[in-house]
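Data from work-v9.txt: compact mmCIF, C-alpha atoms
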```
# COMPACT_ATOMS: atom_id res chain seq x y z
CA MET X 1 2.90 -9.77 -7.86
CA SER X 2 0.59 -6.78 -7.84
CA VAL X 3 1.63 -3.54 -9.38
CA ALA X 4 2.57 -1.12 -6.60
CA ALA X 5 -0.20 1.28 -7.47
CA ARG X 6 0.45 4.98 -7.21
CA ILE X 7 -2.51 7.06 -6.22
CA PRO X 8 -2.91 10.07 -8.50
CA ILE X 9 -3.10 13.58 -7.09
CA ILE X 10 -5.54 15.80 -8.96
CA ARG X 11 -5.27 19.59 -8.95
CA LEU X 12 -8.45 21.65 -9.17
CA TYR X 13 -8.79 25.44 -8.65
CA GLY X 14 -5.73 25.57 -6.43
CA ASN X 15 -6.81 22.57 -4.41
CA MET X 16 -5.44 19.06 -4.28
CA ILE X 17 -7.75 16.08 -4.55
CA VAL X 18 -6.68 12.55 -3.77
CA SER X 19 -9.20 9.85 -4.56
CA ILE X 20 -8.34 6.52 -3.00
CA GLN X 21 -9.80 3.64 -4.98
CA THR X 22 -7.47 0.75 -4.27
CA SER X 23 -6.95 -1.37 -1.21
CA LEU X 24 -3.98 0.25 0.49
CA SER X 25 -0.83 -1.77 0.92
CA ASP X 26 2.13 -0.72 3.06
CA GLN X 27 3.99 0.43 0.00
CA VAL X 28 1.12 2.46 -1.39
CA VAL X 29 0.59 4.17 1.96
CA LYS X 30 4.23 5.04 2.34
CA ARG X 31 4.37 6.45 -1.15
CA LEU X 32 1.14 8.40 -0.74
CA LYS X 33 2.47 10.10 2.40
CA GLU X 34 5.58 11.16 0.51
CA ASP X 35 3.64 12.22 -2.59
CA VAL X 36 1.04 14.28 -0.74
CA SER X 37 3.48 16.08 1.55
CA GLY X 38 5.86 16.66 -1.38
CA GLU X 39 3.09 18.09 -3.56
CA ILE X 40 1.94 20.36 -0.73
CA GLU X 41 5.42 21.75 -0.29
CA ARG X 42 5.89 22.19 -4.02
CA THR X 43 2.55 23.68 -5.02
CA ARG X 44 1.15 25.24 -1.82
CA PRO X 45 -2.48 24.29 -2.39
CA ARG X 46 -5.34 26.05 -0.65
CA GLY X 47 -6.91 22.84 0.46
CA LEU X 48 -6.64 19.07 0.30
CA ILE X 49 -9.48 16.62 -0.09
CA ILE X 50 -8.98 12.94 0.49
CA ASP X 51 -11.95 11.19 -1.07
CA ILE X 52 -12.57 7.63 0.08
CA SER X 53 -15.93 6.97 -1.57
CA GLY X 54 -14.29 4.18 -3.59
CA ILE X 55 -13.19 2.26 -0.50
CA ASP X 56 -15.47 -0.53 0.66
CA LEU X 57 -13.53 -1.55 3.76
CA MET X 58 -11.28 0.17 6.29
CA ASP X 59 -9.54 -1.76 9.01
CA SER X 60 -7.60 -0.01 11.78
CA TYR X 61 -4.43 0.03 9.71
CA ILE X 62 -6.05 1.71 6.72
CA SER X 63 -7.98 4.19 8.90
CA ARG X 64 -4.84 5.14 10.72
CA ALA X 65 -2.92 5.56 7.47
CA ILE X 66 -5.60 7.84 6.04
CA ARG X 67 -5.90 9.79 9.28
CA ASP X 68 -2.12 10.25 9.36
CA ILE X 69 -2.09 11.66 5.85
CA CYS X 70 -4.85 14.12 6.79
CA LEU X 71 -2.95 15.17 9.91
CA ILE X 72 0.33 15.58 8.03
CA ALA X 73 -1.38 17.95 5.58
CA SER X 74 -3.17 19.77 8.40
CA ILE X 75 -0.07 20.49 10.42
CA MET X 76 1.62 21.68 7.24
CA GLY X 77 -1.11 24.32 7.20
CA VAL X 78 -3.41 23.03 4.48
CA LYS X 79 -7.15 22.87 5.07
CA THR X 80 -7.85 19.18 4.82
CA VAL X 81 -11.14 17.37 4.47
CA LEU X 82 -11.85 13.64 4.30
CA SER X 83 -14.88 12.94 2.16
CA GLY X 84 -17.17 10.15 1.10
CA MET X 85 -16.98 7.61 3.89
CA ASP X 86 -19.42 4.76 3.32
CA LYS X 87 -22.07 4.48 6.04
CA MET X 88 -21.26 0.87 6.82
CA ILE X 89 -17.60 1.75 7.28
CA ALA X 90 -18.56 4.64 9.55
CA ILE X 91 -20.64 2.31 11.74
CA THR X 92 -17.85 -0.26 11.86
CA LEU X 93 -15.16 2.27 12.79
CA VAL X 94 -17.25 3.81 15.56
CA GLU X 95 -18.11 0.42 17.03
CA MET X 96 -14.44 -0.57 16.92
CA GLY X 97 -13.55 2.56 18.86
CA MET X 98 -11.43 3.99 16.06
CA ASP X 99 -11.11 7.73 16.55
CA MET X 100 -11.33 9.83 13.41
CA MET X 101 -12.54 13.00 15.13
CA SER X 102 -9.24 14.78 14.68
CA VAL X 103 -10.01 14.86 10.97
CA ARG X 104 -12.50 17.18 9.29
CA THR X 105 -15.01 15.24 7.25
CA ALA X 106 -17.61 15.87 4.56
CA LEU X 107 -20.41 13.74 3.19
CA ASN X 108 -19.13 13.92 -0.37
CA LEU X 109 -16.60 15.56 -2.66
CA GLU X 110 -18.88 18.47 -3.51
CA GLU X 111 -19.42 19.37 0.11
CA ALA X 112 -15.73 19.00 0.80
CA LEU X 113 -14.93 21.48 -1.99
CA GLU X 114 -17.40 23.94 -0.50
CA MET X 115 -15.81 23.51 2.89
CA ILE X 116 -12.29 24.26 1.77
CA SER X 117 -13.19 27.13 -0.55
CA GLY X 118 -15.98 28.64 1.55
CA ASP X 119 -15.36 29.19 5.23
CA GLY X 120 -12.47 31.32 6.41
CA ASP X 121 -11.54 29.48 9.53
CA GLY X 122 -7.91 29.32 8.59
CA GLY X 123 -5.67 26.44 7.66
CA GLY X 124 -5.33 23.31 9.59
CA GLY X 125 -8.65 21.62 9.32
CA VAL X 126 -8.42 20.02 12.71
CA ARG X 127 -11.65 20.54 14.52
CA GLU X 128 -11.47 20.87 18.29
CA MET I 129 -15.87 -27.57 -19.76
CA ASN I 130 -17.31 -27.28 -23.24
CA GLY I 131 -17.19 -24.76 -26.03
CA GLY I 132 -13.57 -25.62 -26.75
CA ALA I 133 -10.38 -24.50 -25.09
CA GLY I 134 -10.00 -20.75 -25.03
CA HIS I 135 -13.71 -20.04 -25.13
CA THR I 136 -14.12 -19.41 -21.41
CA GLU I 137 -10.87 -17.52 -21.28
CA LYS I 138 -12.07 -15.26 -24.07
CA LYS I 139 -15.28 -14.53 -22.18
CA LEU I 140 -13.39 -13.75 -18.98
CA ARG I 141 -11.02 -11.51 -20.89
CA GLY I 142 -13.93 -9.61 -22.43
CA ILE I 143 -15.52 -8.98 -19.03
CA LEU I 144 -12.27 -7.80 -17.49
CA GLU I 145 -11.41 -5.60 -20.46
CA SER I 146 -14.70 -3.75 -20.29
CA ALA I 147 -14.11 -3.03 -16.61
CA LEU I 148 -10.38 -2.44 -16.44
CA GLY I 149 -9.08 -1.75 -19.93
CA GLY I 150 -6.91 -4.04 -22.02
CA ILE I 151 -3.53 -3.96 -20.33
CA VAL I 152 -4.73 -4.26 -16.75
CA ALA I 153 -7.28 -6.91 -17.78
CA HIS I 154 -4.56 -8.95 -19.42
CA SER I 155 -2.25 -8.81 -16.41
CA VAL I 156 -5.04 -9.61 -13.94
CA LEU I 157 -6.13 -12.60 -15.99
CA ILE I 158 -2.66 -14.02 -16.52
CA THR I 159 -1.68 -13.50 -12.87
CA SER I 160 -4.89 -15.09 -11.60
CA ILE I 161 -4.56 -18.13 -13.81
CA GLY I 162 -0.95 -18.50 -12.72
CA ARG I 163 -1.81 -18.02 -9.07
CA CYS I 164 -4.44 -20.72 -8.81
CA GLY I 165 -3.05 -23.01 -11.51
CA VAL I 166 -6.43 -23.48 -13.13
CA ASP I 167 -6.75 -23.81 -16.89
CA PRO I 168 -9.95 -22.00 -17.89
CA GLY I 169 -10.18 -24.25 -20.94
CA ARG I 170 -10.36 -27.39 -18.80
CA LEU I 171 -12.35 -26.60 -15.69
CA GLN I 172 -12.53 -29.44 -13.17
CA PRO I 173 -15.12 -29.43 -10.36
CA GLY I 174 -14.11 -26.79 -7.81
CA ASP I 175 -11.80 -25.02 -10.25
CA ALA I 176 -14.31 -22.35 -11.22
CA GLY I 177 -14.62 -21.13 -7.64
CA ARG I 178 -10.87 -20.95 -7.17
CA LEU I 179 -10.35 -19.14 -10.45
CA LEU I 180 -13.13 -16.69 -9.65
CA GLU I 181 -11.57 -15.95 -6.30
CA ALA I 182 -8.13 -15.40 -7.79
CA ILE I 183 -9.52 -13.06 -10.44
CA GLU I 184 -11.52 -11.13 -7.86
CA ALA I 185 -8.45 -10.71 -5.67
CA GLY I 186 -6.78 -9.16 -8.71
CA THR I 187 -9.68 -6.96 -9.78
CA GLY I 188 -10.24 -5.91 -6.16
CA ILE I 189 -6.96 -4.02 -6.32
CA PHE I 190 -8.17 -1.95 -9.25
CA LEU I 191 -11.92 -1.69 -8.68
CA GLY I 192 -12.77 0.43 -5.68
CA ASP I 193 -16.45 0.86 -6.35
CA PRO I 194 -18.51 -1.86 -4.64
CA GLY I 195 -21.19 -1.59 -7.34
CA ALA I 196 -18.65 -2.24 -10.07
CA ARG I 197 -17.32 -5.21 -8.11
CA ARG I 198 -20.76 -6.73 -7.77
CA ARG I 199 -21.40 -6.27 -11.48
CA ILE I 200 -18.15 -7.93 -12.43
CA HIS I 201 -18.79 -10.69 -9.89
CA ASP I 202 -22.12 -11.48 -11.53
CA GLU I 203 -20.64 -11.49 -15.02
CA LEU I 204 -17.68 -13.67 -14.00
CA THR I 205 -19.92 -16.13 -12.18
CA ALA I 206 -22.09 -16.47 -15.27
CA ALA I 207 -19.07 -16.93 -17.56
CA LEU I 208 -17.64 -19.61 -15.29
CA GLY I 209 -20.96 -21.43 -15.03
CA ILE I 210 -21.23 -21.02 -11.28
CA GLU I 211 -24.84 -21.17 -10.08
CA ALA I 212 -26.25 -17.72 -9.56
CA GLY I 213 -27.36 -16.70 -6.09
CA ARG I 214 -24.96 -19.08 -4.41
CA PRO I 215 -21.79 -17.33 -3.31
CA PRO I 216 -18.80 -19.43 -4.32
CA ALA I 217 -17.27 -19.63 -0.85
CA ALA I 218 -20.15 -21.03 1.20
CA GLY I 219 -18.37 -24.01 2.73
CA ASP I 220 -15.61 -23.99 5.32
CA ARG I 221 -12.55 -22.23 4.06
CA GLU I 222 -8.92 -21.91 5.03
CA VAL I 223 -6.91 -19.08 3.53
CA PRO I 224 -3.14 -19.12 4.02
CA ILE I 225 -1.75 -15.68 4.88
CA ARG I 226 1.67 -14.92 3.51
CA THR I 227 1.38 -11.73 1.48
CA GLU I 228 -0.70 -8.56 1.62
CA GLU I 229 -2.78 -9.90 -1.26
CA ASP I 230 -3.81 -12.84 0.91
CA ILE I 231 -5.46 -10.35 3.28
CA VAL I 232 -7.76 -9.31 0.43
CA ILE I 233 -8.51 -12.93 -0.49
CA ALA I 234 -9.36 -13.78 3.13
CA ARG I 235 -11.67 -10.85 3.67
CA ASN I 236 -13.49 -11.38 0.37
CA ALA I 237 -14.00 -15.03 1.28
CA GLY I 238 -15.33 -13.90 4.66
CA ARG I 239 -17.73 -11.45 3.10
CA ASP I 240 -19.06 -14.13 0.75
CA MET I 241 -19.51 -16.57 3.61
CA ALA I 242 -21.20 -13.94 5.79
CA ALA I 243 -23.60 -13.22 2.94
CA ALA I 244 -24.29 -16.93 2.48
CA VAL I 245 -25.01 -17.30 6.20
CA GLY I 246 -27.53 -14.46 5.89
CA PHE I 247 -25.79 -11.52 7.55
CA GLN I 248 -26.97 -8.05 6.51
CA ALA I 249 -24.65 -5.76 4.57
CA THR I 250 -23.33 -3.80 7.57
CA ASP I 251 -22.51 -6.99 9.43
CA GLN I 252 -20.78 -8.31 6.32
CA VAL I 253 -18.56 -5.23 6.41
CA LYS I 254 -17.86 -5.73 10.14
CA ILE I 255 -16.95 -9.38 9.55
CA SER I 256 -14.63 -8.64 6.67
CA THR I 257 -13.05 -5.81 8.67
CA VAL I 258 -12.32 -8.26 11.49
CA ILE I 259 -10.78 -10.72 9.04
CA SER I 260 -8.69 -7.91 7.62
CA GLU I 261 -7.43 -7.00 11.11
CA LEU I 262 -6.51 -10.56 12.01
CA ALA I 263 -4.94 -11.38 8.65
CA ARG I 264 -2.98 -8.15 8.73
CA ASN I 265 -1.57 -8.95 12.16
CA ILE I 266 -0.38 -12.30 10.77
CA ASN I 267 1.12 -10.63 7.72
CA LYS I 268 2.82 -7.86 9.67
CA TYR I 269 4.12 -9.60 12.76
CA THR I 270 4.63 -13.27 11.93
CA PRO I 271 6.31 -15.44 9.30
CA GLY I 272 2.91 -16.78 8.25
CA GLY I 273 -0.33 -18.37 9.27
CA SER I 274 -3.86 -18.85 8.13
CA VAL I 275 -7.43 -17.69 8.55
CA ARG I 276 -10.06 -20.42 8.83
CA LEU I 277 -13.68 -19.54 8.21
CA ARG I 278 -16.56 -21.72 9.31
CA ALA I 279 -20.27 -21.23 8.85
CA LEU I 280 -22.10 -22.01 12.09
CA ASP I 281 -25.56 -23.52 11.89
CA GLY I 282 -27.96 -24.99 14.42
CA ASN I 283 -29.64 -22.81 17.05
CA MET I 284 -27.17 -19.98 16.65
CA PRO I 285 -26.25 -19.50 13.03
CA GLY I 286 -23.26 -17.31 12.39
CA ILE I 287 -19.64 -17.34 11.37
CA GLU I 288 -16.47 -18.41 13.13
CA ILE I 289 -13.07 -16.98 12.27
CA VAL I 290 -9.91 -18.64 13.53
CA ALA I 291 -6.66 -16.80 12.81
CA ALA I 292 -3.62 -18.88 13.66
CA ASP I 293 0.06 -18.14 13.23
CA ARG I 294 3.43 -19.51 14.15
CA GLY I 295 4.79 -16.14 15.18
CA PRO I 296 6.50 -14.90 18.33
CA GLY I 297 3.27 -14.61 20.35
CA ILE I 298 1.91 -11.41 21.87
CA PRO I 299 4.04 -10.56 24.90
CA HIS I 300 1.77 -7.89 26.43
CA LEU I 301 -1.67 -9.24 25.58
CA GLN I 302 -3.18 -7.95 28.82
CA GLN I 303 -2.21 -4.34 28.10
CA VAL I 304 -3.36 -4.68 24.50
CA MET I 305 -6.79 -5.89 25.55
CA ASN I 306 -7.07 -3.22 28.24
CA GLY I 307 -6.37 -0.59 25.61
CA GLU I 308 -3.16 0.47 27.40
CA HIS I 309 -0.76 -0.62 24.70
CA LYS I 310 -0.10 1.88 21.95
CA SER I 311 1.69 0.60 18.90
CA LYS I 312 2.79 2.75 16.01
CA THR I 313 1.12 0.44 13.55
CA GLY I 314 -2.21 0.16 15.32
CA MET I 315 -2.13 -3.50 16.28
CA GLY I 316 -3.65 -2.95 19.73
CA MET I 317 -6.56 -1.15 18.15
CA GLY I 318 -7.09 -4.06 15.79
CA LEU I 319 -7.50 -6.75 18.46
CA LEU I 320 -9.56 -4.52 20.69
CA GLY I 321 -11.72 -3.43 17.77
CA THR I 322 -12.18 -7.04 16.73
CA LYS I 323 -13.43 -7.92 20.19
CA ARG I 324 -15.90 -5.03 20.12
CA LEU I 325 -17.28 -6.00 16.71
CA MET I 326 -17.80 -9.67 17.50
CA ASP I 327 -19.92 -11.71 19.94
CA HIS I 328 -17.27 -14.18 21.04
CA PHE I 329 -13.54 -13.55 21.26
CA GLU I 330 -10.62 -15.45 22.70
CA VAL I 331 -6.85 -15.35 22.24
CA GLN I 332 -4.35 -18.06 22.96
CA THR I 333 -0.77 -16.93 22.76
CA SER I 334 2.55 -18.14 24.05
CA ALA I 335 6.07 -16.93 23.47
CA GLY I 336 7.59 -18.65 20.47
CA ALA I 337 4.61 -20.92 19.82
CA GLY I 338 2.36 -18.47 18.04
CA THR I 339 -1.06 -17.00 18.48
CA THR I 340 -4.57 -18.25 17.78
CA VAL I 341 -7.49 -15.86 17.81
CA THR I 342 -10.93 -17.45 17.73
CA THR I 343 -13.89 -15.20 17.22
CA ARG I 344 -17.55 -15.61 16.31
CA LYS I 345 -20.43 -13.48 15.28
CA TYR I 346 -23.99 -14.74 15.49
CA ARG I 347 -26.68 -13.69 13.07
CA PRO I 348 -29.14 -11.35 14.77
```
Rewritten as structure tokens:
Amino acid sequence: MSVAARIPIIRLYGNMIVSIQTSLSDQVVKRLKEDVSGEIERTRPRGLIIDISGIDLMDSYISRAIRDICLIASIMGVKTVLSGMDKMIAITLVEMGMDMMSVRTALNLEEALEMISGDGDGGGGVRE
Amino acid sequence: MNGGAGHTEKKLRGILESALGGIVAHSVLITSIGRCGVDPGRLQPGDAGRLLEAIEAGTGIFLGDPGARRRIHDELTAALGIEAGRPPAAGDREVPIRTEEDIVIARNAGRDMAAAVGFQATDQVKISTVISELARNINKYTPGGSVRLRALDGNMPGIEIVAADRGPGIPHLQQVMNGEHKSKTGMGMGLLGTKRLMDHFEVQTSAGAGTTVTTRKYRP
């Protein structure tokens, strides 16, 4: 019924930016994992930003899917930052007990760009 | 109802085109009309709400920005002649869950009802997240089921969500609710998270007979 949307990957100054605007279905998630990891291998970006400012709801499935994509990129050695989480989603996830602390986060896209181009704390992006 | 056949459809098309572009607008409109079987040229009582919901399920896939969604909601409501300020899904609702799209329909209906009951925005997000969890469990693990939404009034106004399926049941419910069960897909987290977000939560499950989750949230 619905078009299996493909989420575009934008390249900017050697970084990769993925802006998620649609509600994620199984198929879209699966494809995004393949696309992001494939692009990383092919183009060796300095950093990856997953921007979720267009998402108005995250259940545990969607949070896990996004966290997985961040972790895949991180363990491949790419500085990864998740940006733009809505405050109401943040409250909901914390109250649910959903753990996103293994992912580096930024308030917005601009801050995320500064994070990946600025500090020299090496690849990964996982904060201890 | 009036203005001749095609008039309402033209208005709807215009609104969708300005938000989504021609091709996407066309496919959303055609799919929505097909999905709910409502002819925009001959709206019967109750049709407008169903058509609106079908269109919003379609546009929801393409419009991420909540502001844009609200704008399009207002324009569509006006074009369909639905009274402003009254969310279309204020009464009791039952949404069948068969496909992933139904998850979106159910949670949008829940958000509308939560707003109508008077929940604040953050609570509306919590309620639609819970509906998303429960509907997703039905979609992922069972052949089908439904989500029933009921506005509670009286001394304790709020919302009740009943998610029922005819699936295999949850064999290790105790571990799931104790947080000891780890699934690859995150189901345990979903039920546990639901319980934490809501004020009342109960699960009835039996092997082969399906699962019913009943949960309520009361307005603060």
Please identify all polymer residues within 8 Å of Val258 (chain I), counting only C-alpha atoms, omitting same-chain residues fewer than 2 positions from it, and present them as a PyMOL selection string.
(chain X and resi 59) or (chain I and resi 254-256+260-262+318+321-322+325)
Find the residues of chain I in contact range of chain X, meaning any atom within 6 Å when counting only C-alpha atoms, and list them as a list in words.
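Those within range of chain X come out as Ile189, Phe190, Gly192, Asp193, Thr250, Lys254, Thr257, Gly318, Gly321 and Arg324 of chain I.
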Using only C-alpha atoms, which of the listed residues (I:Gly162, I:Met317, I:Ile143, I:Ile266) sits closest to Asp202 (chain I)?
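Result for the nearest residue to Asp202 (chain I): I:Ile143.
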Atom-to-atom span, CA of Gly286 (chain I) and CA of Pro194 (chain I), Å:
23.5 Å
Show which residues sit within 8 Å of Arg6 (chain X), as a list of chain:residue names. Count all atoms listed in the file, and ignore same-chain residues fewer than 2 positions away.
X:Ala4, X:Pro8, X:Val28, X:Arg31, X:Leu32
What lies within 10 Å of Ala112 (chain X) using all atoms listed in the file, ignoring chain neighbours under 4 positions off, as a count of residues only?
18
Near Gly282 (chain I), counting all atoms listed in the file, which residues have an atom at most 12 Å away, once you skip same-chain residues fewer than 5 positions from it, shown as a PyMOL selection string?
chain I and resi 245+287+346-347
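In this model, the gap between CA of Gly238 (chain I) and CA of Gly209 (chain I) comes to 21.8 Å.
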What is the CA of Ile210 (chain I)-CA of Ala153 (chain I) distance in Å, reported with one decimal?
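Going from CA of Ile210 (chain I) over to CA of Ala153 (chain I), I get 20.9 Å.
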Protein, DNA and RNA residues within 12 Å of (-2.6, -15.7, -12.6), only C-alpha atoms, as a PDB file with C-alpha atoms, in the frame of the given file:
```
ATOM      1  CA  MET X   1       2.900  -9.770  -7.860  1.00  0.00           C
ATOM      2  CA  SER X   2       0.590  -6.780  -7.840  1.00  0.00           C
TER       3      SER X   2
ATOM      4  CA  ALA I 153      -7.280  -6.910 -17.780  1.00  0.00           C
ATOM      5  CA  HIS I 154      -4.560  -8.950 -19.420  1.00  0.00           C
ATOM      6  CA  SER I 155      -2.250  -8.810 -16.410  1.00  0.00           C
ATOM      7  CA  VAL I 156      -5.040  -9.610 -13.940  1.00  0.00           C
ATOM      8  CA  LEU I 157      -6.130 -12.600 -15.990  1.00  0.00           C
ATOM      9  CA  ILE I 158      -2.660 -14.020 -16.520  1.00  0.00           C
ATOM     10  CA  THR I 159      -1.680 -13.500 -12.870  1.00  0.00           C
ATOM     11  CA  SER I 160      -4.890 -15.090 -11.600  1.00  0.00           C
ATOM     12  CA  ILE I 161      -4.560 -18.130 -13.810  1.00  0.00           C
ATOM     13  CA  GLY I 162      -0.950 -18.500 -12.720  1.00  0.00           C
ATOM     14  CA  ARG I 163      -1.810 -18.020  -9.070  1.00  0.00           C
ATOM     15  CA  CYS I 164      -4.440 -20.720  -8.810  1.00  0.00           C
ATOM     16  CA  GLY I 165      -3.050 -23.010 -11.510  1.00  0.00           C
ATOM     17  CA  VAL I 166      -6.430 -23.480 -13.130  1.00  0.00           C
ATOM     18  CA  ASP I 167      -6.750 -23.810 -16.890  1.00  0.00           C
ATOM     19  CA  PRO I 168      -9.950 -22.000 -17.890  1.00  0.00           C
ATOM     20  CA  ARG I 178     -10.870 -20.950  -7.170  1.00  0.00           C
ATOM     21  CA  LEU I 179     -10.350 -19.140 -10.450  1.00  0.00           C
ATOM     22  CA  LEU I 180     -13.130 -16.690  -9.650  1.00  0.00           C
ATOM     23  CA  GLU I 181     -11.570 -15.950  -6.300  1.00  0.00           C
ATOM     24  CA  ALA I 182      -8.130 -15.400  -7.790  1.00  0.00           C
ATOM     25  CA  ILE I 183      -9.520 -13.060 -10.440  1.00  0.00           C
ATOM     26  CA  GLU I 184     -11.520 -11.130  -7.860  1.00  0.00           C
ATOM     27  CA  ALA I 185      -8.450 -10.710  -5.670  1.00  0.00           C
ATOM     28  CA  GLY I 186      -6.780  -9.160  -8.710  1.00  0.00           C
ATOM     29  CA  THR I 187      -9.680  -6.960  -9.780  1.00  0.00           C
TER      30      THR I 187
END
```
Counting all atoms listed in the file, which of I:Gly219, I:Pro271, I:Gly174, I:Gly142 gets nearest to Ile200 (chain I)?
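Ranked by minimum distance to Ile200 (chain I), first place goes to I:Gly142.
Closest approach to Gln332 (chain I) among I:Arg276, I:Lys268, I:Arg294, I:Arg226: I:Arg294, based on only C-alpha atoms.
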Sphere at (-17.7, -17.7, 6.3), radius 7 Å, counting all atoms listed in the file: residues as an MDAnalysis selection string
chainID I and resid 218 220 237:238 240:242 277:279 287:288
Which residues are near Ser37 (chain X)? Cut-off 7 Å, only C-alpha atoms, ignore same chain within fewer than 4 positions. Put them as a ChimeraX atom specification.
/X:33,41,73
